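Trainee: So that you have it, the file is upload_0.cif, and it contains mmCIF, C-alpha atoms:
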data_model
#
loop_
_atom_site.label_atom_id
_atom_site.label_comp_id
_atom_site.auth_asym_id
_atom_site.auth_seq_id
_atom_site.Cartn_x
_atom_site.Cartn_y
_atom_site.Cartn_z
CA MET Q 1 -53.93 45.20 -7.11
CA TYR Q 2 -55.43 48.64 -6.61
CA VAL Q 3 -59.21 48.59 -6.11
CA VAL Q 4 -61.42 51.69 -6.43
CA PRO Q 5 -62.81 52.38 -2.92
CA ASN Q 6 -66.14 54.10 -3.66
CA TYR Q 7 -68.44 55.68 -6.25
CA PRO Q 8 -67.14 59.29 -6.00
CA VAL Q 9 -63.61 58.08 -6.77
CA ALA Q 10 -65.02 56.00 -9.63
CA VAL Q 11 -66.69 59.12 -11.08
CA VAL Q 12 -63.39 61.03 -10.92
CA LEU Q 13 -61.66 58.20 -12.79
CA CYS Q 14 -64.45 58.19 -15.39
CA VAL Q 15 -63.98 61.93 -15.89
CA ILE Q 16 -60.26 61.35 -16.47
CA THR Q 17 -61.25 58.62 -18.94
CA MET Q 18 -63.46 61.14 -20.70
CA LEU Q 19 -60.60 63.62 -20.99
CA CYS Q 20 -58.16 60.97 -22.23
CA TRP Q 21 -60.53 59.44 -24.78
CA GLY Q 22 -61.53 62.87 -26.03
CA SER Q 23 -57.98 64.24 -26.30
CA TRP Q 24 -55.74 61.48 -27.67
CA ALA Q 25 -56.75 62.24 -31.27
CA ASN Q 26 -54.99 65.60 -31.03
CA THR Q 27 -51.77 63.64 -31.46
CA GLN Q 28 -53.03 62.45 -34.84
CA LYS Q 29 -53.92 66.01 -35.81
CA LEU Q 30 -50.42 67.14 -34.85
CA ALA Q 31 -48.83 64.44 -37.02
CA SER Q 32 -51.32 64.41 -39.91
CA GLY Q 33 -49.66 67.16 -41.93
CA ARG Q 34 -46.79 64.85 -42.85
CA TRP Q 35 -47.84 61.40 -41.61
CA ARG Q 36 -50.70 59.29 -42.98
CA PHE Q 37 -53.14 57.99 -40.38
CA GLU Q 38 -52.41 54.38 -41.40
CA LEU Q 39 -48.78 54.90 -40.35
CA PHE Q 40 -49.73 56.86 -37.25
CA TYR Q 41 -51.92 53.97 -36.17
CA TRP Q 42 -49.07 51.44 -35.90
CA ASP Q 43 -47.40 53.59 -33.25
CA TYR Q 44 -50.74 54.26 -31.56
CA VAL Q 45 -51.27 50.51 -31.07
CA LEU Q 46 -47.77 50.14 -29.63
CA GLY Q 47 -48.56 52.92 -27.16
CA VAL Q 48 -51.79 51.15 -26.11
CA MET Q 49 -49.91 47.90 -25.45
CA LEU Q 50 -47.06 49.61 -23.61
CA MET Q 51 -49.37 51.48 -21.25
CA ALA Q 52 -51.37 48.32 -20.50
CA LEU Q 53 -48.20 46.57 -19.34
CA ILE Q 54 -47.16 49.58 -17.24
CA PHE Q 55 -50.51 49.48 -15.43
CA ALA Q 56 -50.35 45.69 -15.00
CA PHE Q 57 -46.94 45.77 -13.31
CA SER Q 58 -47.75 48.84 -11.19
CA LEU Q 59 -51.36 49.29 -10.00
CA GLY Q 60 -52.19 45.75 -11.09
CA SER Q 61 -49.50 44.24 -8.86
CA MET Q 62 -49.61 46.41 -5.74
CA GLY Q 63 -51.54 45.99 -2.48
CA THR Q 64 -53.11 42.92 -0.90
CA GLU Q 65 -56.57 42.90 -2.52
CA GLY Q 66 -57.37 40.67 -5.46
CA ARG Q 67 -54.54 38.99 -7.39
CA SER Q 68 -51.31 40.45 -8.72
CA PHE Q 69 -50.84 40.48 -12.49
CA LEU Q 70 -48.46 37.50 -12.68
CA ALA Q 71 -50.55 35.43 -10.23
CA ASP Q 72 -53.64 36.24 -12.25
CA LEU Q 73 -51.96 35.07 -15.46
CA GLN Q 74 -51.26 31.66 -13.92
CA GLN Q 75 -54.93 30.95 -13.12
CA ALA Q 76 -56.59 32.58 -16.16
CA GLU Q 77 -58.77 30.34 -18.34
CA GLY Q 78 -58.38 30.44 -22.11
CA ARG Q 79 -62.00 31.28 -22.90
CA TRP Q 80 -61.82 34.50 -20.87
CA ILE Q 81 -58.48 35.44 -22.39
CA GLY Q 82 -60.12 34.91 -25.78
CA SER Q 83 -63.09 37.08 -24.80
CA ALA Q 84 -60.82 39.99 -23.86
CA MET Q 85 -58.80 39.60 -27.07
CA LEU Q 86 -61.98 39.47 -29.16
CA GLY Q 87 -63.01 42.75 -27.57
CA GLY Q 88 -59.64 44.15 -28.63
CA ALA Q 89 -60.05 43.02 -32.24
CA ILE Q 90 -63.56 44.54 -32.47
CA PHE Q 91 -62.33 47.77 -30.92
CA ASN Q 92 -59.40 47.90 -33.31
CA LEU Q 93 -61.58 47.75 -36.40
CA ALA Q 94 -63.92 50.38 -34.94
CA ASN Q 95 -61.06 52.66 -33.92
CA ILE Q 96 -59.35 52.50 -37.31
CA LEU Q 97 -62.64 53.61 -38.86
CA LEU Q 98 -62.76 56.42 -36.29
CA VAL Q 99 -59.23 57.56 -37.13
CA ALA Q 100 -60.11 57.48 -40.84
CA ALA Q 101 -63.25 59.52 -40.16
CA ILE Q 102 -61.18 62.07 -38.21
CA ALA Q 103 -58.83 62.38 -41.20
CA ILE Q 104 -61.79 62.95 -43.53
CA ALA Q 105 -64.32 64.87 -41.43
CA GLY Q 106 -62.46 66.21 -38.39
CA MET Q 107 -62.72 65.60 -34.65
CA SER Q 108 -65.84 67.70 -34.13
CA VAL Q 109 -67.80 65.36 -36.42
CA ALA Q 110 -66.21 61.91 -36.14
CA PHE Q 111 -66.40 61.85 -32.35
CA PRO Q 112 -69.98 63.08 -31.81
CA VAL Q 113 -71.41 60.79 -34.48
CA GLY Q 114 -69.22 57.70 -34.04
CA ILE Q 115 -68.54 57.72 -30.31
CA GLY Q 116 -71.96 59.17 -29.53
CA LEU Q 117 -73.58 56.20 -31.27
CA ALA Q 118 -71.19 53.88 -29.44
CA LEU Q 119 -72.35 55.42 -26.17
CA LEU Q 120 -75.98 54.65 -26.96
CA LEU Q 121 -75.33 51.03 -27.91
CA GLY Q 122 -72.66 50.47 -25.26
CA VAL Q 123 -74.83 51.70 -22.39
CA LEU Q 124 -77.70 49.48 -23.55
CA VAL Q 125 -75.52 46.38 -23.95
CA ASN Q 126 -73.68 46.86 -20.66
CA TYR Q 127 -76.90 47.69 -18.81
CA LEU Q 128 -77.97 44.09 -19.37
CA LYS Q 129 -74.98 42.78 -17.37
CA PRO Q 130 -75.34 41.72 -13.70
CA GLY Q 131 -75.12 44.74 -11.40
CA ALA Q 132 -77.12 47.01 -13.68
CA GLU Q 133 -79.84 47.13 -11.05
CA ARG Q 134 -77.53 49.57 -9.23
CA ALA Q 135 -78.38 52.23 -11.81
CA ASN Q 136 -81.66 54.11 -12.24
CA PRO Q 137 -82.89 53.17 -15.74
CA ILE Q 138 -85.02 56.30 -16.20
CA LEU Q 139 -82.16 58.72 -15.50
CA LEU Q 140 -79.65 56.56 -17.37
CA PHE Q 141 -81.63 56.36 -20.61
CA LEU Q 142 -82.89 59.93 -20.37
CA GLY Q 143 -79.24 60.97 -20.37
CA VAL Q 144 -78.59 58.70 -23.34
CA ALA Q 145 -81.55 60.24 -25.21
CA LEU Q 146 -80.09 63.72 -24.73
CA VAL Q 147 -76.80 62.48 -26.13
CA LEU Q 148 -78.64 61.11 -29.16
CA ALA Q 149 -80.18 64.54 -29.74
CA ALA Q 150 -76.69 66.07 -29.55
CA ILE Q 151 -75.44 63.61 -32.19
CA ILE Q 152 -78.23 64.59 -34.57
CA LEU Q 153 -77.49 68.29 -34.08
CA ASP Q 154 -73.82 67.74 -34.81
CA ALA Q 155 -74.59 65.80 -38.00
CA ILE Q 156 -76.84 68.66 -39.17
CA ALA Q 157 -74.10 71.21 -38.42
CA TYR Q 158 -71.56 69.07 -40.30
CA ARG Q 159 -73.72 68.96 -43.43
CA ARG Q 160 -73.77 72.78 -43.48
CA LEU Q 161 -70.02 72.95 -44.14
CA PRO Q 162 -69.29 73.90 -47.79
CA GLN Q 163 -66.60 71.25 -48.27
CA GLN Q 164 -68.88 68.49 -46.99
CA LYS Q 165 -71.57 69.34 -49.51
CA GLN Q 166 -68.94 68.60 -52.13
CA ALA Q 167 -67.27 65.62 -50.48
CA GLY Q 168 -70.44 63.66 -49.70
CA MET Q 169 -71.17 61.58 -46.64
CA LYS Q 170 -68.07 59.37 -46.39
CA GLY Q 171 -66.99 60.86 -43.06
CA ILE Q 172 -70.40 60.31 -41.45
CA VAL Q 173 -70.79 56.80 -42.93
CA LEU Q 174 -67.42 55.73 -41.50
CA SER Q 175 -68.36 57.31 -38.16
CA VAL Q 176 -71.67 55.41 -38.02
CA ILE Q 177 -70.03 52.04 -38.78
CA CYS Q 178 -67.39 52.83 -36.17
CA GLY Q 179 -70.09 53.62 -33.61
CA VAL Q 180 -71.94 50.33 -34.13
CA LEU Q 181 -68.75 48.30 -33.65
CA MET Q 182 -67.50 50.48 -30.79
CA GLY Q 183 -70.75 49.93 -28.90
CA PHE Q 184 -70.07 46.20 -28.52
CA PHE Q 185 -66.34 45.78 -27.79
CA TYR Q 186 -66.56 46.75 -24.10
CA ARG Q 187 -68.92 43.95 -23.14
CA PHE Q 188 -66.45 41.24 -24.24
CA VAL Q 189 -63.78 42.74 -21.99
CA ALA Q 190 -66.28 43.12 -19.14
CA ASP Q 191 -67.40 39.48 -19.51
CA ALA Q 192 -63.80 38.34 -18.96
CA ILE Q 193 -63.34 40.25 -15.70
CA ALA Q 194 -63.68 38.36 -12.42
CA GLN Q 195 -66.36 39.47 -9.98
CA TRP Q 196 -65.88 39.71 -6.23
CA VAL Q 197 -67.24 36.67 -4.36
CA VAL Q 198 -67.31 35.96 -0.65
CA ARG Q 199 -65.92 32.84 1.05
CA ASP Q 200 -66.61 31.71 4.58
CA PRO Q 201 -63.36 32.11 6.57
CA GLN Q 202 -63.98 28.79 8.37
CA THR Q 203 -64.93 26.43 5.52
CA GLY Q 204 -63.71 28.31 2.46
CA GLU Q 205 -67.07 27.76 0.78
CA LEU Q 206 -68.73 30.54 -1.17
CA VAL Q 207 -71.33 32.43 0.85
CA LEU Q 208 -73.21 35.69 0.36
CA GLN Q 209 -72.87 37.59 3.60
CA ALA Q 210 -69.75 36.48 5.44
CA GLY Q 211 -66.03 36.33 4.94
CA THR Q 212 -63.56 38.34 2.87
CA PRO Q 213 -64.32 39.13 -0.80
CA VAL Q 214 -62.02 37.45 -3.31
CA LEU Q 215 -61.87 37.43 -7.10
CA GLU Q 216 -63.64 34.46 -8.66
CA ALA Q 217 -61.29 31.90 -10.14
CA GLY Q 218 -60.67 31.44 -13.86
CA LYS Q 219 -61.59 34.95 -14.95
CA LEU Q 220 -59.20 37.89 -15.15
CA SER Q 221 -58.44 40.87 -12.95
CA PRO Q 222 -59.27 44.20 -14.63
CA TYR Q 223 -55.58 44.86 -15.31
CA THR Q 224 -54.99 41.42 -16.87
CA ALA Q 225 -58.12 41.79 -18.98
CA VAL Q 226 -56.83 45.11 -20.33
CA VAL Q 227 -53.48 43.52 -21.24
CA PHE Q 228 -55.15 40.78 -23.30
CA PHE Q 229 -57.57 43.30 -24.76
CA SER Q 230 -54.54 45.32 -25.92
CA LEU Q 231 -52.89 42.18 -27.28
CA GLY Q 232 -56.02 41.58 -29.34
CA ILE Q 233 -55.65 45.09 -30.76
CA LEU Q 234 -51.98 44.53 -31.59
CA LEU Q 235 -52.42 41.16 -33.30
CA SER Q 236 -55.52 42.16 -35.28
CA ASN Q 237 -53.72 45.28 -36.47
CA PHE Q 238 -51.44 43.18 -38.65
CA ILE Q 239 -54.53 42.15 -40.63
CA ILE Q 240 -56.82 45.18 -40.44
CA ASN Q 241 -54.37 48.05 -40.80
CA THR Q 242 -52.24 46.25 -43.37
CA ALA Q 243 -55.35 45.73 -45.53
CA ILE Q 244 -56.28 49.40 -45.22
CA MET Q 245 -52.76 50.46 -46.20
CA PHE Q 246 -53.22 48.59 -49.48
CA ARG Q 247 -56.84 49.78 -49.95
CA PRO Q 248 -57.07 53.12 -48.10
CA PHE Q 249 -60.30 55.05 -47.56
CA VAL Q 250 -58.73 58.16 -49.06
CA GLY Q 251 -55.57 58.78 -51.05
CA GLU Q 252 -53.06 56.40 -52.59
CA PRO Q 253 -51.98 53.03 -51.13
CA VAL Q 254 -49.33 53.32 -48.42
CA PRO Q 255 -46.21 51.14 -48.81
CA VAL Q 256 -45.05 49.33 -45.68
CA ALA Q 257 -41.58 50.81 -46.13
CA ALA Q 258 -43.04 54.29 -45.54
CA TYR Q 259 -43.38 53.49 -41.84
CA PHE Q 260 -39.60 53.31 -41.47
CA GLN Q 261 -39.12 56.67 -43.19
CA GLY Q 262 -40.88 58.66 -40.45
CA SER Q 263 -39.03 60.89 -38.02
CA ALA Q 264 -38.72 60.19 -34.31
CA LEU Q 265 -41.36 62.85 -33.67
CA ASP Q 266 -43.78 61.22 -36.12
CA HIS Q 267 -43.51 57.92 -34.23
CA LEU Q 268 -43.62 59.63 -30.84
CA TRP Q 269 -47.01 61.28 -31.51
CA GLY Q 270 -48.58 57.90 -32.23
CA ILE Q 271 -47.12 56.22 -29.15
CA VAL Q 272 -48.19 59.11 -26.90
CA GLY Q 273 -51.68 59.03 -28.40
CA GLY Q 274 -52.01 55.31 -27.66
CA MET Q 275 -50.76 55.72 -24.10
CA ILE Q 276 -53.23 58.53 -23.44
CA TRP Q 277 -56.10 56.41 -24.72
CA GLN Q 278 -55.01 53.42 -22.63
CA VAL Q 279 -54.96 55.48 -19.44
CA GLY Q 280 -58.63 56.17 -20.09
CA MET Q 281 -59.47 52.54 -20.86
CA THR Q 282 -57.79 51.15 -17.75
CA LEU Q 283 -59.38 53.71 -15.44
CA SER Q 284 -62.77 53.03 -16.99
CA ILE Q 285 -62.46 49.29 -16.40
CA ILE Q 286 -61.33 49.55 -12.77
CA ALA Q 287 -64.00 52.21 -12.04
CA ALA Q 288 -66.78 49.88 -13.24
CA ASP Q 289 -66.61 47.87 -10.01
CA LYS Q 290 -68.20 50.78 -8.12
CA ALA Q 291 -69.93 52.62 -10.97
CA THR Q 292 -71.36 49.63 -12.98
CA TYR Q 293 -70.15 48.93 -16.50
CA ALA Q 294 -73.02 50.85 -18.11
CA ILE Q 295 -72.25 54.08 -16.24
CA SER Q 296 -68.47 53.73 -16.49
CA TYR Q 297 -68.67 53.21 -20.25
CA GLY Q 298 -71.29 55.93 -20.69
CA LEU Q 299 -69.32 58.55 -18.78
CA GLY Q 300 -66.10 57.69 -20.57
CA GLN Q 301 -67.80 58.19 -23.91
CA GLY Q 302 -68.53 61.73 -22.85
CA ALA Q 303 -65.18 62.03 -24.62
CA THR Q 304 -67.31 63.08 -27.56
CA MET Q 305 -67.91 66.46 -25.94
CA VAL Q 306 -64.21 66.88 -25.16
CA ALA Q 307 -63.21 66.02 -28.74
CA ALA Q 308 -65.86 68.31 -30.17
CA PHE Q 309 -64.49 71.11 -28.00
CA TRP Q 310 -61.01 70.55 -29.43
CA GLY Q 311 -62.37 70.42 -32.96
CA VAL Q 312 -64.57 73.49 -32.71
CA PHE Q 313 -62.46 75.85 -30.59
CA ILE Q 314 -58.84 74.76 -31.11
CA TRP Q 315 -58.71 73.29 -34.62
CA ARG Q 316 -61.47 75.62 -35.89
CA GLU Q 317 -63.08 72.91 -38.02
CA PHE Q 318 -66.32 74.91 -38.39
CA ARG Q 319 -64.74 78.26 -39.24
CA GLU Q 320 -66.26 78.22 -42.77
CA ALA Q 321 -69.73 77.19 -41.64
CA PRO Q 322 -72.66 79.50 -42.52
CA ALA Q 323 -74.46 81.71 -40.00
CA GLY Q 324 -76.61 79.83 -37.52
CA THR Q 325 -74.26 76.84 -37.22
CA GLY Q 326 -72.98 78.16 -33.89
CA VAL Q 327 -76.47 77.77 -32.40
CA LEU Q 328 -76.56 74.10 -33.44
CA LEU Q 329 -73.14 73.50 -31.89
CA ALA Q 330 -74.17 75.26 -28.66
CA LEU Q 331 -77.27 73.05 -28.41
CA MET Q 332 -75.09 70.00 -29.09
CA PHE Q 333 -72.77 70.83 -26.18
CA ALA Q 334 -75.75 71.52 -23.92
CA GLY Q 335 -77.32 68.17 -24.81
CA TYR Q 336 -74.11 66.31 -24.03
CA ILE Q 337 -73.49 68.08 -20.73
CA ILE Q 338 -77.03 67.62 -19.40
CA GLY Q 339 -77.08 64.03 -20.65
CA LEU Q 340 -73.85 63.23 -18.79
CA ILE Q 341 -75.26 64.76 -15.60
CA PHE Q 342 -78.24 62.42 -15.83
CA ILE Q 343 -75.95 59.43 -16.41
CA ILE Q 344 -73.92 60.27 -13.27
CA ALA Q 345 -77.11 60.75 -11.24
CA ALA Q 346 -78.41 57.33 -12.35
CA ARG Q 347 -76.07 55.61 -9.88
CA LEU Q 348 -77.01 57.96 -7.01
CA VAL Q 349 -80.80 57.70 -7.40
CA VAL Q 350 -81.58 53.97 -7.50
#
What would the structure in this file look like if it were written as structure tokens?
Mentor:
Amino acid sequence: MYVVPNYPVAVVLCVITMLCWGSWANTQKLASGRWRFELFYWDYVLGVMLMALIFAFSLGSMGTEGRSFLADLQQAEGRWIGSAMLGGAIFNLANILLVAAIAIAGMSVAFPVGIGLALLLGVLVNYLKPGAERANPILLFLGVALVLAAIILDAIAYRRLPQQKQAGMKGIVLSVICGVLMGFFYRFVADAIAQWVVRDPQTGELVLQAGTPVLEAGKLSPYTAVVFFSLGILLSNFIINTAIMFRPFVGEPVPVAAYFQGSALDHLWGIVGGMIWQVGMTLSIIAADKATYAISYGLGQGATMVAAFWGVFIWREFREAPAGTGVLLALMFAGYIIGLIFIIAARLVV
């Protein structure tokens, strides 16, 4: 399997994750004029699963380090498979709430509030994992604090929109619930991933300073963990998304038969959106070996800034906002950018 060689490469992969996680929702925006988000989401989940398998049989099966995907499947223990799938189910509920919030409030609000909150909780939770000592806590949490300030500024800007004064707080409430759930899914996937251990080449016994690193037995390679994580998303979707189709957050119930009435382009947008998101997830997971899970997750969730950029400048979601809102949005972007710089520096200044 492919293994990230060093921290600079890990940072590059995390930046790609940020771009993917912040951009996939454009596919929903492109389809939303004629395609309900509940229907879009079925294809999105298929795209997530498809891309996970592509990674598993390509990067996850090449090279001599670690274990290939099929070999890893044969030795995987059920409890770690279950942990990865549980992470997928939690993510799925959170992500459906995010997609609903995007449909109600737009990308420039749902992402900063929901994913920004997920960043705060996710960094804290993943910082408690082994290996967190490789990150400077002062820089890491200073960066997180700046992100929190950016979230608050975005929420204030959102409330200034005329239509939101009429529509109430449903978009923000869904975003907050999404953020709480999203902050915890990553740790269940990370718990299932095997760590590198060292065996003595003479005796085969585990040692700390000699021999060739190998993946610990029973747990999963990053690529296998992502496959079972995606399977958890797919299976839970039959419960979660079906329930939401019958009791939607907005609009009338959506009949199951409506899914089969969509055009090829309608279905394609969802699949592409899921594949884009999965590229980000896989790169984030494999980058964590050199970046730590806290930093890898935190940088990836800089997607909030990318999504806000799309929402503000491309989709023009704040075009009806009153004077002075632009200053709040500028401060929000500044808070996110400086915060992300601190998070990157936390691994360099230990």
Trainee: Need the shell around region 72-85 of chain Q: protein/DNA/RNA residues with any atom at most 12 Å away, counting all atoms listed in the file. Skip same-chain ones fewer than 5 positions apart. Format as a PyMOL selection string?
Mentor: chain Q and resi 1+56-57+60-61+66-67+90-92+185-194+215-236
Trainee: I'd like the neighbourhood of region 167-183 of chain Q as a PDB file with C-alpha atoms, in the frame of the given file, where a residue qualifies if any of its atoms comes within 10 Å (using all atoms listed in the file), though same-chain residues fewer than 4 positions away should be ignored.
Mentor:
ATOM      1  CA  GLY Q  87     -63.010  42.750 -27.570  1.00  0.00           C
ATOM      2  CA  ILE Q  90     -63.560  44.540 -32.470  1.00  0.00           C
ATOM      3  CA  PHE Q  91     -62.330  47.770 -30.920  1.00  0.00           C
ATOM      4  CA  ASN Q  92     -59.400  47.900 -33.310  1.00  0.00           C
ATOM      5  CA  LEU Q  93     -61.580  47.750 -36.400  1.00  0.00           C
ATOM      6  CA  ALA Q  94     -63.920  50.380 -34.940  1.00  0.00           C
ATOM      7  CA  ASN Q  95     -61.060  52.660 -33.920  1.00  0.00           C
ATOM      8  CA  ILE Q  96     -59.350  52.500 -37.310  1.00  0.00           C
ATOM      9  CA  LEU Q  97     -62.640  53.610 -38.860  1.00  0.00           C
ATOM     10  CA  LEU Q  98     -62.760  56.420 -36.290  1.00  0.00           C
ATOM     11  CA  VAL Q  99     -59.230  57.560 -37.130  1.00  0.00           C
ATOM     12  CA  ALA Q 100     -60.110  57.480 -40.840  1.00  0.00           C
ATOM     13  CA  ALA Q 101     -63.250  59.520 -40.160  1.00  0.00           C
ATOM     14  CA  ILE Q 102     -61.180  62.070 -38.210  1.00  0.00           C
ATOM     15  CA  ALA Q 103     -58.830  62.380 -41.200  1.00  0.00           C
ATOM     16  CA  ILE Q 104     -61.790  62.950 -43.530  1.00  0.00           C
ATOM     17  CA  ALA Q 105     -64.320  64.870 -41.430  1.00  0.00           C
ATOM     18  CA  GLY Q 106     -62.460  66.210 -38.390  1.00  0.00           C
ATOM     19  CA  VAL Q 109     -67.800  65.360 -36.420  1.00  0.00           C
ATOM     20  CA  ALA Q 110     -66.210  61.910 -36.140  1.00  0.00           C
ATOM     21  CA  PHE Q 111     -66.400  61.850 -32.350  1.00  0.00           C
ATOM     22  CA  PRO Q 112     -69.980  63.080 -31.810  1.00  0.00           C
ATOM     23  CA  VAL Q 113     -71.410  60.790 -34.480  1.00  0.00           C
ATOM     24  CA  GLY Q 114     -69.220  57.700 -34.040  1.00  0.00           C
ATOM     25  CA  ILE Q 115     -68.540  57.720 -30.310  1.00  0.00           C
ATOM     26  CA  GLY Q 116     -71.960  59.170 -29.530  1.00  0.00           C
ATOM     27  CA  LEU Q 117     -73.580  56.200 -31.270  1.00  0.00           C
ATOM     28  CA  ALA Q 118     -71.190  53.880 -29.440  1.00  0.00           C
ATOM     29  CA  LEU Q 119     -72.350  55.420 -26.170  1.00  0.00           C
ATOM     30  CA  LEU Q 120     -75.980  54.650 -26.960  1.00  0.00           C
ATOM     31  CA  LEU Q 121     -75.330  51.030 -27.910  1.00  0.00           C
ATOM     32  CA  GLY Q 122     -72.660  50.470 -25.260  1.00  0.00           C
ATOM     33  CA  VAL Q 123     -74.830  51.700 -22.390  1.00  0.00           C
ATOM     34  CA  LEU Q 124     -77.700  49.480 -23.550  1.00  0.00           C
ATOM     35  CA  VAL Q 125     -75.520  46.380 -23.950  1.00  0.00           C
ATOM     36  CA  ASN Q 126     -73.680  46.860 -20.660  1.00  0.00           C
ATOM     37  CA  ALA Q 155     -74.590  65.800 -38.000  1.00  0.00           C
ATOM     38  CA  TYR Q 158     -71.560  69.070 -40.300  1.00  0.00           C
ATOM     39  CA  ARG Q 159     -73.720  68.960 -43.430  1.00  0.00           C
ATOM     40  CA  PRO Q 162     -69.290  73.900 -47.790  1.00  0.00           C
ATOM     41  CA  GLN Q 163     -66.600  71.250 -48.270  1.00  0.00           C
ATOM     42  CA  ARG Q 187     -68.920  43.950 -23.140  1.00  0.00           C
ATOM     43  CA  PHE Q 249     -60.300  55.050 -47.560  1.00  0.00           C
ATOM     44  CA  VAL Q 250     -58.730  58.160 -49.060  1.00  0.00           C
ATOM     45  CA  TYR Q 297     -68.670  53.210 -20.250  1.00  0.00           C
TER      46      TYR Q 297
END
Trainee: Excluding Lys290 (chain Q) and residues on its chain fewer than 2 positions from it, collect all residues at most 7 Å away from it, counting only C-alpha atoms, and give them as a PDB file with C-alpha atoms, keeping the file's coordinate frame.
Mentor:
ATOM      1  CA  ASN Q   6     -66.140  54.100  -3.660  1.00  0.00           C
ATOM      2  CA  TYR Q   7     -68.440  55.680  -6.250  1.00  0.00           C
ATOM      3  CA  ALA Q  10     -65.020  56.000  -9.630  1.00  0.00           C
ATOM      4  CA  ALA Q 287     -64.000  52.210 -12.040  1.00  0.00           C
ATOM      5  CA  ALA Q 288     -66.780  49.880 -13.240  1.00  0.00           C
ATOM      6  CA  THR Q 292     -71.360  49.630 -12.980  1.00  0.00           C
TER       7      THR Q 292
END
Trainee: Expanded to explicit residues, what is the PyMOL selection byres ((chain Q and resi 23) around 10) for this file, as a ChimeraX atom specification?
Mentor: /Q:17-22,24-27,107,273,276-277,303-304,306-310
Trainee: Take the PyMOL selection byres ((chain Q and resi 138) around 12), run it mentally on this structure, and tell me the resulting residues as a count of residues only.
Mentor: 19
Trainee: Between CA of Tyr336 (chain Q) and CA of Leu161 (chain Q), what is the distance, to one decimal in Å?
Mentor: 21.6 Å
Trainee: Enumerate, as a PDB file with C-alpha atoms, keeping the file's coordinate frame, the residues matched when the PyMOL selection byres ((chain Q and resi 35) around 10) is run on the file above.
Mentor:
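Written file, out_27.pdb:
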ATOM      1  CA  GLN Q  28     -53.030  62.450 -34.840  1.00  0.00           C
ATOM      2  CA  LYS Q  29     -53.920  66.010 -35.810  1.00  0.00           C
ATOM      3  CA  LEU Q  30     -50.420  67.140 -34.850  1.00  0.00           C
ATOM      4  CA  ALA Q  31     -48.830  64.440 -37.020  1.00  0.00           C
ATOM      5  CA  SER Q  32     -51.320  64.410 -39.910  1.00  0.00           C
ATOM      6  CA  GLY Q  33     -49.660  67.160 -41.930  1.00  0.00           C
ATOM      7  CA  ARG Q  34     -46.790  64.850 -42.850  1.00  0.00           C
ATOM      8  CA  ARG Q  36     -50.700  59.290 -42.980  1.00  0.00           C
ATOM      9  CA  PHE Q  37     -53.140  57.990 -40.380  1.00  0.00           C
ATOM     10  CA  GLU Q  38     -52.410  54.380 -41.400  1.00  0.00           C
ATOM     11  CA  LEU Q  39     -48.780  54.900 -40.350  1.00  0.00           C
ATOM     12  CA  PHE Q  40     -49.730  56.860 -37.250  1.00  0.00           C
ATOM     13  CA  ALA Q 258     -43.040  54.290 -45.540  1.00  0.00           C
ATOM     14  CA  TYR Q 259     -43.380  53.490 -41.840  1.00  0.00           C
ATOM     15  CA  GLY Q 262     -40.880  58.660 -40.450  1.00  0.00           C
ATOM     16  CA  SER Q 263     -39.030  60.890 -38.020  1.00  0.00           C
ATOM     17  CA  ASP Q 266     -43.780  61.220 -36.120  1.00  0.00           C
ATOM     18  CA  HIS Q 267     -43.510  57.920 -34.230  1.00  0.00           C
TER      19      HIS Q 267
END
Trainee: Quick one: distance from CA of Gln278 (chain Q) to CA of Leu50 (chain Q) in Å, one decimal?
Mentor: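 Interatomic distance here is 8.9 Å.
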Trainee: Mind pulling up the distance from CA of Val147 (chain Q) to CA of Gly298 (chain Q)?
Mentor: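 Between CA of Gly298 (chain Q) and CA of Val147 (chain Q) the gap works out to 10.1 Å.
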Trainee: Given all atoms listed in the file as the basis, pick out the residue of Q:Ile338, Q:Leu328, Q:Val9, Q:Ile244 nearest to Ile152 (chain Q).
Mentor: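 Using all atoms listed in the file, Ile152 (chain Q) sits closest to Q:Leu328.
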Trainee: Write out as a ChimeraX atom specification which residues come within 8 Å of Val272 (chain Q) when counting only C-alpha atoms, dropping same-chain ones fewer than 2 positions away.
Mentor: /Q:24,27,44,47,268-270,274-276
Trainee: For region 40-46 of chain Q of the structure just presented, write N, CA and C atoms to a file, as a tab-separated table (two decimals), in the first residue's frame.
Mentor:
chain	number	residue	atom	x	y	z
Q	40	PHE	N	-30.65	13.40	-4.37
Q	40	PHE	CA	-29.23	13.63	-4.65
Q	40	PHE	C	-28.36	12.77	-3.74
Q	41	TYR	N	-28.77	12.63	-2.49
Q	41	TYR	CA	-27.91	11.99	-1.50
Q	41	TYR	C	-27.73	10.50	-1.76
Q	42	TRP	N	-28.71	9.83	-2.36
Q	42	TRP	CA	-28.53	8.41	-2.68
Q	42	TRP	C	-27.35	8.22	-3.65
Q	43	ASP	N	-27.27	9.07	-4.65
Q	43	ASP	CA	-26.17	8.96	-5.61
Q	43	ASP	C	-24.85	9.39	-4.97
Q	44	TYR	N	-24.90	10.38	-4.10
Q	44	TYR	CA	-23.70	10.82	-3.38
Q	44	TYR	C	-23.08	9.65	-2.61
Q	45	VAL	N	-23.91	8.90	-1.90
Q	45	VAL	CA	-23.41	7.76	-1.11
Q	45	VAL	C	-22.80	6.69	-2.02
Q	46	LEU	N	-23.42	6.45	-3.17
Q	46	LEU	CA	-22.85	5.50	-4.12
Q	46	LEU	C	-21.48	5.97	-4.60
